[in-house]
$ cat model30.cif   # mmCIF, C-alpha atoms and all ligand atoms
data_input
#
loop_
_atom_site.group_PDB
_atom_site.id
_atom_site.type_symbol
_atom_site.label_atom_id
_atom_site.label_comp_id
_atom_site.auth_asym_id
_atom_site.auth_seq_id
_atom_site.Cartn_x
_atom_site.Cartn_y
_atom_site.Cartn_z
ATOM 1 C CA MET A 1 107.692 91.035 111.436
ATOM 2 C CA TRP A 2 106.227 89.125 108.478
ATOM 3 C CA LYS A 3 107.998 85.930 109.506
ATOM 4 C CA GLY A 4 111.386 87.554 108.944
ATOM 5 C CA LYS A 5 110.623 88.754 105.387
ATOM 6 C CA ASN A 6 110.936 92.367 104.224
ATOM 7 C CA LYS A 7 108.298 92.137 101.487
ATOM 8 C CA ALA A 8 104.582 91.486 101.955
ATOM 9 C CA LEU A 9 101.555 91.304 99.658
ATOM 10 C CA THR A 10 97.923 91.599 100.669
ATOM 11 C CA PHE A 11 94.552 92.170 98.982
ATOM 12 C CA SER A 12 91.397 94.013 100.053
ATOM 13 C CA PHE A 13 88.003 93.543 98.365
ATOM 14 C CA ASP A 14 84.810 95.456 99.080
ATOM 15 C CA ASP A 15 81.060 94.805 99.265
ATOM 16 C CA GLY A 16 80.851 91.010 99.856
ATOM 17 C CA VAL A 17 79.343 90.074 96.485
ATOM 18 C CA THR A 18 78.860 86.585 95.030
ATOM 19 C CA GLN A 19 81.766 87.043 92.573
ATOM 20 C CA ASP A 20 83.982 86.801 95.685
ATOM 21 C CA ILE A 21 83.467 83.000 95.548
ATOM 22 C CA LYS A 22 85.173 82.734 92.147
ATOM 23 C CA LEU A 23 87.850 85.202 93.227
ATOM 24 C CA ILE A 24 88.615 83.224 96.395
ATOM 25 C CA GLY A 25 88.993 80.109 94.246
ATOM 26 C CA ILE A 26 91.817 81.864 92.371
ATOM 27 C CA LEU A 27 93.438 83.298 95.518
ATOM 28 C CA ASP A 28 93.402 79.872 97.176
ATOM 29 C CA LYS A 29 94.874 78.217 94.080
ATOM 30 C CA TYR A 30 97.912 80.525 94.297
ATOM 31 C CA GLY A 31 98.233 80.700 98.108
ATOM 32 C CA LEU A 32 97.282 84.394 98.294
ATOM 33 C CA LYS A 33 95.440 86.052 101.176
ATOM 34 C CA ALA A 34 92.813 88.783 101.267
ATOM 35 C CA THR A 35 90.586 90.806 103.536
ATOM 36 C CA PHE A 36 86.953 91.235 102.490
ATOM 37 C CA ASN A 37 85.111 94.340 103.674
ATOM 38 C CA VAL A 38 81.394 93.640 104.052
ATOM 39 C CA ASN A 39 78.141 95.370 105.033
ATOM 40 C CA SER A 40 76.419 93.066 107.515
ATOM 41 C CA SER A 41 72.994 94.738 107.139
ATOM 42 C CA LEU A 42 73.030 94.110 103.381
ATOM 43 C CA PHE A 43 73.907 90.378 103.337
ATOM 44 C CA GLY A 44 71.786 88.588 100.724
ATOM 45 C CA LEU A 45 70.658 91.806 98.989
ATOM 46 C CA LYS A 46 70.392 91.578 95.192
ATOM 47 C CA GLY A 47 71.264 94.438 92.849
ATOM 48 C CA LYS A 48 73.137 95.719 89.803
ATOM 49 C CA VAL A 49 76.023 98.148 89.347
ATOM 50 C CA TYR A 50 77.409 99.846 86.241
ATOM 51 C CA PRO A 51 81.217 99.935 86.302
ATOM 52 C CA PHE A 52 82.994 100.736 83.008
ATOM 53 C CA GLY A 53 79.589 101.630 81.530
ATOM 54 C CA LYS A 54 78.459 98.001 81.637
ATOM 55 C CA GLU A 55 75.980 96.183 83.840
ATOM 56 C CA ALA A 56 77.342 93.827 86.506
ATOM 57 C CA GLU A 57 75.535 91.676 89.065
ATOM 58 C CA HIS A 58 75.867 93.046 92.605
ATOM 59 C CA ASN A 59 74.324 90.283 94.694
ATOM 60 C CA LYS A 60 75.615 90.052 98.245
ATOM 61 C CA ILE A 61 76.598 86.748 99.830
ATOM 62 C CA ARG A 62 73.735 85.323 101.938
ATOM 63 C CA PRO A 63 74.209 85.661 105.722
ATOM 64 C CA ASP A 64 74.116 81.888 106.287
ATOM 65 C CA LYS A 65 76.959 81.434 103.749
ATOM 66 C CA VAL A 66 79.299 84.222 104.909
ATOM 67 C CA ALA A 67 81.366 82.269 107.463
ATOM 68 C CA GLU A 68 81.913 79.368 105.042
ATOM 69 C CA VAL A 69 82.733 81.457 101.930
ATOM 70 C CA TYR A 70 85.382 83.558 103.694
ATOM 71 C CA LYS A 71 86.831 80.895 106.014
ATOM 72 C CA ASN A 72 90.360 80.983 104.480
ATOM 73 C CA HIS A 73 90.514 84.800 104.525
ATOM 74 C CA GLU A 74 89.667 87.766 106.766
ATOM 75 C CA LEU A 75 86.437 89.698 107.108
ATOM 76 C CA ALA A 76 86.462 93.392 107.951
ATOM 77 C CA ALA A 77 83.821 96.082 108.349
ATOM 78 C CA HIS A 78 82.476 98.303 105.556
ATOM 79 C CA THR A 79 79.658 99.885 107.673
ATOM 80 C CA LEU A 80 76.136 98.506 108.133
ATOM 81 C CA THR A 81 74.527 100.161 105.107
ATOM 82 C CA HIS A 82 77.327 101.827 103.057
ATOM 83 C CA PRO A 83 76.762 105.573 103.770
ATOM 84 C CA THR A 84 79.343 108.231 102.880
ATOM 85 C CA LEU A 85 80.825 108.777 106.337
ATOM 86 C CA THR A 86 82.116 112.305 105.676
ATOM 87 C CA VAL A 87 78.538 113.655 105.531
ATOM 88 C CA VAL A 88 77.075 111.993 108.651
ATOM 89 C CA ASP A 89 77.511 112.922 112.334
ATOM 90 C CA ASP A 90 80.006 111.372 114.757
ATOM 91 C CA GLN A 91 77.415 109.188 116.471
ATOM 92 C CA THR A 92 76.267 107.720 113.146
ATOM 93 C CA ILE A 93 79.863 106.998 112.109
ATOM 94 C CA ALA A 94 80.540 105.099 115.343
ATOM 95 C CA TYR A 95 77.247 103.184 115.075
ATOM 96 C CA GLN A 96 77.678 102.288 111.383
ATOM 97 C CA VAL A 97 81.221 100.998 111.899
ATOM 98 C CA GLU A 98 81.073 99.378 115.328
ATOM 99 C CA GLU A 99 77.726 97.598 114.863
ATOM 100 C CA ASP A 100 78.969 96.205 111.548
ATOM 101 C CA ARG A 101 82.225 95.075 113.153
ATOM 102 C CA LEU A 102 80.399 93.334 116.026
ATOM 103 C CA ALA A 103 77.904 91.650 113.667
ATOM 104 C CA ILE A 104 80.807 90.249 111.638
ATOM 105 C CA GLU A 105 82.417 88.901 114.806
ATOM 106 C CA ARG A 106 79.133 87.240 115.791
ATOM 107 C CA ILE A 107 78.669 85.625 112.382
ATOM 108 C CA THR A 108 82.256 84.288 112.071
ATOM 109 C CA GLY A 109 83.264 83.782 115.711
ATOM 110 C CA ARG A 110 86.577 85.446 114.823
ATOM 111 C CA PRO A 111 87.989 88.902 115.706
ATOM 112 C CA CYS A 112 87.159 91.698 113.242
ATOM 113 C CA VAL A 113 89.629 94.573 113.533
ATOM 114 C CA GLY A 114 89.714 96.347 110.152
ATOM 115 C CA MET A 115 87.520 98.239 107.735
ATOM 116 C CA ALA A 116 87.411 99.913 104.340
ATOM 117 C CA TYR A 117 85.687 103.278 103.861
ATOM 118 C CA PRO A 118 82.489 102.867 101.810
ATOM 119 C CA GLY A 119 81.783 104.919 98.684
ATOM 120 C CA GLY A 120 83.920 106.621 96.057
ATOM 121 C CA GLY A 121 85.263 110.165 95.863
ATOM 122 C CA VAL A 122 86.075 111.857 99.176
ATOM 123 C CA ASN A 123 84.912 109.074 101.490
ATOM 124 C CA ASN A 124 87.147 109.811 104.515
ATOM 125 C CA ASP A 125 88.703 112.695 106.428
ATOM 126 C CA ASP A 126 90.462 113.345 109.753
ATOM 127 C CA ARG A 127 87.193 113.790 111.682
ATOM 128 C CA VAL A 128 85.845 110.421 110.528
ATOM 129 C CA ALA A 129 89.181 108.718 111.215
ATOM 130 C CA LYS A 130 89.296 110.158 114.749
ATOM 131 C CA VAL A 131 85.797 108.878 115.562
ATOM 132 C CA ILE A 132 86.704 105.424 114.289
ATOM 133 C CA ARG A 133 89.933 105.387 116.311
ATOM 134 C CA GLU A 134 88.277 106.570 119.522
ATOM 135 C CA LYS A 135 84.811 105.015 119.384
ATOM 136 C CA THR A 136 85.183 101.636 117.690
ATOM 137 C CA GLY A 137 87.299 98.481 117.891
ATOM 138 C CA VAL A 138 88.683 99.063 114.370
ATOM 139 C CA LYS A 139 92.500 99.202 114.193
ATOM 140 C CA PHE A 140 92.976 100.087 110.511
ATOM 141 C CA ALA A 141 90.765 101.727 107.857
ATOM 142 C CA ARG A 142 91.547 101.624 104.122
ATOM 143 C CA THR A 143 90.886 104.432 101.668
ATOM 144 C CA ILE A 144 90.769 104.249 97.838
ATOM 145 C CA THR A 145 93.648 106.701 97.254
ATOM 146 C CA PRO A 146 96.534 104.994 95.411
ATOM 147 C CA THR A 147 100.108 105.639 96.591
ATOM 148 C CA TYR A 148 101.943 103.593 93.902
ATOM 149 C CA SER A 149 104.375 103.053 96.781
ATOM 150 C CA PHE A 150 105.391 100.117 98.983
ATOM 151 C CA ASP A 151 106.518 102.195 101.968
ATOM 152 C CA LEU A 152 104.825 101.605 105.311
ATOM 153 C CA GLN A 153 102.434 104.288 106.581
ATOM 154 C CA GLU A 154 102.133 105.906 110.014
ATOM 155 C CA ASN A 155 98.377 106.541 109.918
ATOM 156 C CA LEU A 156 96.518 103.220 109.779
ATOM 157 C CA TYR A 157 93.170 105.016 110.166
ATOM 158 C CA ARG A 158 93.508 106.587 106.708
ATOM 159 C CA PHE A 159 95.581 103.825 105.173
ATOM 160 C CA ASN A 160 96.125 104.257 101.423
ATOM 161 C CA PRO A 161 96.476 101.200 99.143
ATOM 162 C CA THR A 162 99.289 100.837 96.615
ATOM 163 C CA LEU A 163 96.641 100.733 93.869
ATOM 164 C CA SER A 164 93.394 99.188 92.637
ATOM 165 C CA TYR A 165 93.762 96.081 90.492
ATOM 166 C CA MET A 166 91.771 97.922 87.825
ATOM 167 C CA ASP A 167 94.592 100.488 87.599
ATOM 168 C CA GLY A 168 96.449 100.481 84.284
ATOM 169 C CA ARG A 169 99.725 100.418 86.217
ATOM 170 C CA LEU A 170 98.963 97.048 87.898
ATOM 171 C CA PHE A 171 101.484 94.889 86.064
ATOM 172 C CA GLU A 172 104.311 97.440 85.942
ATOM 173 C CA THR A 173 103.861 97.986 89.698
ATOM 174 C CA ALA A 174 103.951 94.219 90.280
ATOM 175 C CA GLU A 175 107.180 93.907 88.277
ATOM 176 C CA ARG A 176 108.702 96.761 90.279
ATOM 177 C CA PHE A 177 107.743 95.000 93.534
ATOM 178 C CA LEU A 178 109.072 91.629 92.408
ATOM 179 C CA LYS A 179 112.454 93.128 91.438
ATOM 180 C CA LEU A 180 112.777 95.089 94.675
ATOM 181 C CA LYS A 181 115.703 94.151 96.917
ATOM 182 C CA ALA A 182 114.115 95.312 100.168
ATOM 183 C CA ASP A 183 116.343 96.332 103.066
ATOM 184 C CA LYS A 184 113.294 97.647 105.003
ATOM 185 C CA PRO A 185 109.653 96.460 105.143
ATOM 186 C CA GLN A 186 107.875 97.018 101.817
ATOM 187 C CA LEU A 187 104.165 96.316 101.301
ATOM 188 C CA PHE A 188 102.279 95.787 98.042
ATOM 189 C CA TYR A 189 98.604 96.417 98.872
ATOM 190 C CA VAL A 190 96.015 95.808 96.141
ATOM 191 C CA TRP A 191 92.289 96.521 96.424
ATOM 192 C CA GLY A 192 89.175 96.167 94.265
ATOM 193 C CA HIS A 193 85.643 94.817 93.826
ATOM 194 C CA SER A 194 85.347 91.291 92.427
ATOM 195 C CA TYR A 195 82.356 92.289 90.232
ATOM 196 C CA GLU A 196 84.711 94.538 88.247
ATOM 197 C CA LEU A 197 86.310 91.389 86.837
ATOM 198 C CA ASP A 198 83.016 90.511 85.078
ATOM 199 C CA VAL A 199 83.088 93.697 82.961
ATOM 200 C CA GLY A 200 86.397 95.555 83.379
ATOM 201 C CA PRO A 201 89.430 95.438 81.062
ATOM 202 C CA LEU A 202 91.505 93.223 83.412
ATOM 203 C CA GLY A 203 88.958 90.389 83.395
ATOM 204 C CA TRP A 204 89.152 87.093 85.238
ATOM 205 C CA ASP A 205 92.015 85.832 83.056
ATOM 206 C CA GLY A 206 94.009 88.993 83.725
ATOM 207 C CA PHE A 207 93.432 88.655 87.444
ATOM 208 C CA GLU A 208 94.596 85.049 87.421
ATOM 209 C CA GLU A 209 97.660 86.038 85.399
ATOM 210 C CA PHE A 210 98.450 88.669 88.036
ATOM 211 C CA CYS A 211 98.020 86.150 90.880
ATOM 212 C CA LYS A 212 100.297 83.676 89.122
ATOM 213 C CA LEU A 213 102.932 86.389 88.616
ATOM 214 C CA VAL A 214 103.088 87.542 92.246
ATOM 215 C CA SER A 215 102.604 84.202 94.037
ATOM 216 C CA GLY A 216 105.042 81.588 95.345
ATOM 217 C CA LYS A 217 108.003 83.900 96.009
ATOM 218 C CA ASP A 218 110.270 82.954 98.930
ATOM 219 C CA ASP A 219 111.004 86.592 99.826
ATOM 220 C CA ILE A 220 107.332 87.668 100.060
ATOM 221 C CA PHE A 221 105.010 87.147 103.020
ATOM 222 C CA TYR A 222 101.397 86.564 101.940
ATOM 223 C CA GLY A 223 98.870 87.446 104.620
ATOM 224 C CA VAL A 224 95.483 89.006 105.367
ATOM 225 C CA ASN A 225 95.431 92.736 106.179
ATOM 226 C CA SER A 226 95.604 92.395 109.985
ATOM 227 C CA GLU A 227 98.571 89.995 109.844
ATOM 228 C CA ILE A 228 100.443 92.508 107.703
ATOM 229 C CA LEU A 229 99.391 95.901 109.078
ATOM 230 C CA LEU A 230 99.351 95.004 112.782
ATOM 231 C CA ASP A 231 102.435 92.752 112.878
ATOM 232 C CA LYS A 232 105.121 94.448 114.932
HETATM 233 ZN ZN ZN B 301 81.695 99.468 98.997
#
$ encode --input "model30.cif" --output "structure tokens"
Amino acid sequence: MWKGKNKALTFSFDDGVTQDIKLIGILDKYGLKATFNVNSSLFGLKGKVYPFGKEAEHNKIRPDKVAEVYKNHELAAHTLTHPTLTVVDDQTIAYQVEEDRLAIERITGRPCVGMAYPGGGVNNDDRVAKVIREKTGVKFARTITPTYSFDLQENLYRFNPTLSYMDGRLFETAERFLKLKADKPQLFYVWGHSYELDVGPLGWDGFEEFCKLVSGKDDIFYGVNSEILLDK
């Protein structure tokens, strides 16, 4: 797996907002790969969010721009309209996930096989994961629960990231990963929302510093989520 390497790094970003364009510019500069989890019914919608007690733009990429913006990376589902899946019925879960997945395939002409659970707090459970596994074409679903670990996980339908890039332990975790002499597959999985870089403590400079630190290593495979999680 991973082209013969035992270490892999991947990113996952949610909501498909216009700050993704700037973020992709940085990823591409350093040869890094990400999966972007988007809500196909909300493309083009304008709004605001308030992370870290500050106002940030939350404008979604326009539908006619989606394929072009994300062409070097992977698109995955994030449901049609971003409901909390733990409080809706099985039929709604399947509809929200599968219709989003199929819409993304139509818009890009590429397979869409992953997703990230929408919403904060308790946004997934075993019932939701079972519906997704049995009733949709999704093959992995990411939570927001940090593991601070690089070990591979059995359950790809409640897959936990290593951490968010807004986590205060980002750089120490990166250093730990870089120093690792891996004799088994080890994955560093980082997730976030690009709008957080407009207002959060990491900032765009901090994100670029992180990308520079973790990029260009001969012993690390850089790939989108499906290349890394589904590679056998
Ligand atoms: Zn979201």
$ closest_residue --input "model30.cif" --among "A:Lys65, A:Lys217, A:Lys3, A:Lys54" --to "Val199 in chain A" --atoms "all atoms listed in the file"
A:Lys54
$ resolve_selection --input "model30.cif" --expression "the PyMOL selection byres (((chain A and resi 80) around 8) and not hetatm)" --output "JSON, numbers by chain"
{"A": [39, 40, 41, 42, 78, 79, 81, 82, 96, 97, 99, 100]}
$ residues_near_ligand --input "model30.cif" --ligand "ligand ZN 301 (chain B)" --cutoff "9 Å" --atoms "all atoms listed in the file" --output "ChimeraX atom specification"
/A:13-16,37-39,78-79,82,116-120,193
$ resolve_selection --input "model30.cif" --expression "the PyMOL selection byres (((chain A and resi 131) around 10) and not hetatm)" --output "list in words"
Asp89, Asp90, Gln91, Thr92, Ile93, Ala94, Val97, Asp126, Arg127, Val128, Ala129, Lys130, Ile132, Arg133, Glu134, Lys135, Thr136 and Tyr157 of chain A
$ axis_aligned_box --input "model30.cif" --around "range 103-119 of chain A" --padding-each-side "6 Å" --output "lines of an AutoDock Vina configuration file"
center_x = 83.8
center_y = 94.4
center_z = 107.2
size_x = 23.8
size_y = 33.1
size_z = 29.1
$ closest_residue --input "model30.cif" --among "A:Leu85, A:Tyr148, A:Glu98, A:Asp167" --to "Gly121 in chain A" --atoms "only C-alpha atoms"
A:Leu85
$ atom_distance --input "model30.cif" --atom1 "CA of Lys5 in chain A" --atom2 "CA of Asp183 in chain A"
9.8 Å
$ atom_distance --input "model30.cif" --atom1 "CA of Pro111 in chain A" --atom2 "CA of Asp231 in chain A"
15.2 Å
$ closest_residue --input "model30.cif" --among "A:Asp125, A:Glu172, A:Glu196, A:Asp20" --to "Gly53 in chain A" --atoms "only C-alpha atoms"
A:Glu196
$ resolve_selection --input "model30.cif" --expression "the PyMOL selection byres (((chain A and resi 72) around 9) and not hetatm)" --output "PyMOL selection string"
chain A and resi 24+28+33-34+68-71+73-74
$ residues_around --input "model30.cif" --residues "Glu208 in chain A" --least-positions-apart "3" --cutoff "9 Å" --atoms "only C-alpha atoms" --output "MDAnalysis selection string"
chainID A and resid 23 26:27 30 203:205 211:213
$ build_atoms --input "model30.cif" --residues "range 163-174 of chain A" --atoms "all heavy atoms" --output "PDB file, in the frame of the given file"
ATOM      1  N   LEU A 163      97.528 100.412  94.998  1.00  0.00           N
ATOM      2  CA  LEU A 163      96.641 100.733  93.869  1.00  0.00           C
ATOM      3  C   LEU A 163      95.461  99.769  93.805  1.00  0.00           C
ATOM      4  O   LEU A 163      95.426  98.769  94.524  1.00  0.00           O
ATOM      5  CB  LEU A 163      97.400 100.715  92.532  1.00  0.00           C
ATOM      6  CG  LEU A 163      98.342  99.575  92.148  1.00  0.00           C
ATOM      7  CD1 LEU A 163      97.725  98.200  92.184  1.00  0.00           C
ATOM      8  CD2 LEU A 163      98.922  99.792  90.772  1.00  0.00           C
ATOM      9  N   SER A 164      94.497 100.102  92.956  1.00  0.00           N
ATOM     10  CA  SER A 164      93.394  99.188  92.637  1.00  0.00           C
ATOM     11  C   SER A 164      93.865  98.226  91.551  1.00  0.00           C
ATOM     12  O   SER A 164      94.673  98.602  90.700  1.00  0.00           O
ATOM     13  CB  SER A 164      92.201  99.975  92.089  1.00  0.00           C
ATOM     14  OG  SER A 164      91.358  99.108  91.335  1.00  0.00           O
ATOM     15  N   TYR A 165      93.336  97.013  91.542  1.00  0.00           N
ATOM     16  CA  TYR A 165      93.762  96.081  90.492  1.00  0.00           C
ATOM     17  C   TYR A 165      93.155  96.433  89.141  1.00  0.00           C
ATOM     18  O   TYR A 165      93.505  95.843  88.126  1.00  0.00           O
ATOM     19  CB  TYR A 165      93.578  94.621  90.884  1.00  0.00           C
ATOM     20  CG  TYR A 165      92.166  94.095  91.069  1.00  0.00           C
ATOM     21  CD1 TYR A 165      91.984  92.741  91.317  1.00  0.00           C
ATOM     22  CD2 TYR A 165      91.052  94.893  90.984  1.00  0.00           C
ATOM     23  CE1 TYR A 165      90.732  92.204  91.487  1.00  0.00           C
ATOM     24  CE2 TYR A 165      89.787  94.376  91.158  1.00  0.00           C
ATOM     25  CZ  TYR A 165      89.641  93.021  91.419  1.00  0.00           C
ATOM     26  OH  TYR A 165      88.402  92.500  91.587  1.00  0.00           O
ATOM     27  N   MET A 166      92.281  97.434  89.104  1.00  0.00           N
ATOM     28  CA  MET A 166      91.771  97.922  87.825  1.00  0.00           C
ATOM     29  C   MET A 166      92.660  99.044  87.268  1.00  0.00           C
ATOM     30  O   MET A 166      92.408  99.564  86.182  1.00  0.00           O
ATOM     31  CB  MET A 166      90.346  98.450  88.001  1.00  0.00           C
ATOM     32  CG  MET A 166      89.346  97.347  88.233  1.00  0.00           C
ATOM     33  SD  MET A 166      89.229  96.277  86.783  1.00  0.00           S
ATOM     34  CE  MET A 166      88.902  94.704  87.576  1.00  0.00           C
ATOM     35  N   ASP A 167      93.688  99.415  88.022  1.00  0.00           N
ATOM     36  CA  ASP A 167      94.592 100.488  87.599  1.00  0.00           C
ATOM     37  C   ASP A 167      95.474  99.999  86.447  1.00  0.00           C
ATOM     38  O   ASP A 167      96.003  98.880  86.500  1.00  0.00           O
ATOM     39  CB  ASP A 167      95.469 100.876  88.811  1.00  0.00           C
ATOM     40  CG  ASP A 167      96.180 102.205  88.632  1.00  0.00           C
ATOM     41  OD1 ASP A 167      96.958 102.331  87.663  1.00  0.00           O
ATOM     42  OD2 ASP A 167      95.964 103.098  89.452  1.00  0.00           O
ATOM     43  N   GLY A 168      95.633 100.831  85.453  1.00  0.00           N
ATOM     44  CA  GLY A 168      96.449 100.481  84.284  1.00  0.00           C
ATOM     45  C   GLY A 168      97.907 100.208  84.630  1.00  0.00           C
ATOM     46  O   GLY A 168      98.647  99.634  83.829  1.00  0.00           O
ATOM     47  N   ARG A 169      98.331 100.633  85.812  1.00  0.00           N
ATOM     48  CA  ARG A 169      99.725 100.418  86.217  1.00  0.00           C
ATOM     49  C   ARG A 169      99.906  99.137  87.034  1.00  0.00           C
ATOM     50  O   ARG A 169     100.953  98.932  87.649  1.00  0.00           O
ATOM     51  CB  ARG A 169     100.215 101.632  87.019  1.00  0.00           C
ATOM     52  CG  ARG A 169     100.333 102.880  86.134  1.00  0.00           C
ATOM     53  CD  ARG A 169     100.453 104.163  86.930  1.00  0.00           C
ATOM     54  NE  ARG A 169     101.697 104.234  87.679  1.00  0.00           N
ATOM     55  CZ  ARG A 169     102.072 105.302  88.399  1.00  0.00           C
ATOM     56  NH1 ARG A 169     101.306 106.378  88.433  1.00  0.00           N
ATOM     57  NH2 ARG A 169     103.210 105.291  89.069  1.00  0.00           N
ATOM     58  N   LEU A 170      98.900  98.252  87.053  1.00  0.00           N
ATOM     59  CA  LEU A 170      98.963  97.048  87.898  1.00  0.00           C
ATOM     60  C   LEU A 170     100.199  96.197  87.625  1.00  0.00           C
ATOM     61  O   LEU A 170     100.968  95.885  88.533  1.00  0.00           O
ATOM     62  CB  LEU A 170      97.695  96.206  87.705  1.00  0.00           C
ATOM     63  CG  LEU A 170      97.653  94.918  88.535  1.00  0.00           C
ATOM     64  CD1 LEU A 170      97.530  95.231  90.030  1.00  0.00           C
ATOM     65  CD2 LEU A 170      96.494  94.019  88.103  1.00  0.00           C
ATOM     66  N   PHE A 171     100.399  95.827  86.369  1.00  0.00           N
ATOM     67  CA  PHE A 171     101.484  94.889  86.064  1.00  0.00           C
ATOM     68  C   PHE A 171     102.864  95.526  86.189  1.00  0.00           C
ATOM     69  O   PHE A 171     103.794  94.892  86.674  1.00  0.00           O
ATOM     70  CB  PHE A 171     101.273  94.235  84.694  1.00  0.00           C
ATOM     71  CG  PHE A 171     100.256  93.115  84.756  1.00  0.00           C
ATOM     72  CD1 PHE A 171      98.914  93.373  84.529  1.00  0.00           C
ATOM     73  CD2 PHE A 171     100.638  91.824  85.084  1.00  0.00           C
ATOM     74  CE1 PHE A 171      97.965  92.349  84.616  1.00  0.00           C
ATOM     75  CE2 PHE A 171      99.705  90.796  85.172  1.00  0.00           C
ATOM     76  CZ  PHE A 171      98.363  91.058  84.937  1.00  0.00           C
ATOM     77  N   GLU A 172     102.997  96.786  85.795  1.00  0.00           N
ATOM     78  CA  GLU A 172     104.311  97.440  85.942  1.00  0.00           C
ATOM     79  C   GLU A 172     104.654  97.612  87.418  1.00  0.00           C
ATOM     80  O   GLU A 172     105.820  97.496  87.823  1.00  0.00           O
ATOM     81  CB  GLU A 172     104.367  98.793  85.207  1.00  0.00           C
ATOM     82  CG  GLU A 172     103.480  99.865  85.792  1.00  0.00           C
ATOM     83  CD  GLU A 172     103.684 101.263  85.176  1.00  0.00           C
ATOM     84  OE1 GLU A 172     103.329 101.443  84.020  1.00  0.00           O
ATOM     85  OE2 GLU A 172     104.167 102.147  85.895  1.00  0.00           O
ATOM     86  N   THR A 173     103.630  97.856  88.258  1.00  0.00           N
ATOM     87  CA  THR A 173     103.861  97.986  89.698  1.00  0.00           C
ATOM     88  C   THR A 173     104.248  96.627  90.290  1.00  0.00           C
ATOM     89  O   THR A 173     105.135  96.538  91.148  1.00  0.00           O
ATOM     90  CB  THR A 173     102.607  98.558  90.383  1.00  0.00           C
ATOM     91  OG1 THR A 173     102.257  99.782  89.729  1.00  0.00           O
ATOM     92  CG2 THR A 173     102.859  98.832  91.854  1.00  0.00           C
ATOM     93  N   ALA A 174     103.607  95.575  89.819  1.00  0.00           N
ATOM     94  CA  ALA A 174     103.951  94.219  90.280  1.00  0.00           C
ATOM     95  C   ALA A 174     105.394  93.871  89.920  1.00  0.00           C
ATOM     96  O   ALA A 174     106.145  93.359  90.758  1.00  0.00           O
ATOM     97  CB  ALA A 174     102.989  93.207  89.668  1.00  0.00           C
TER      98      ALA A 174
END
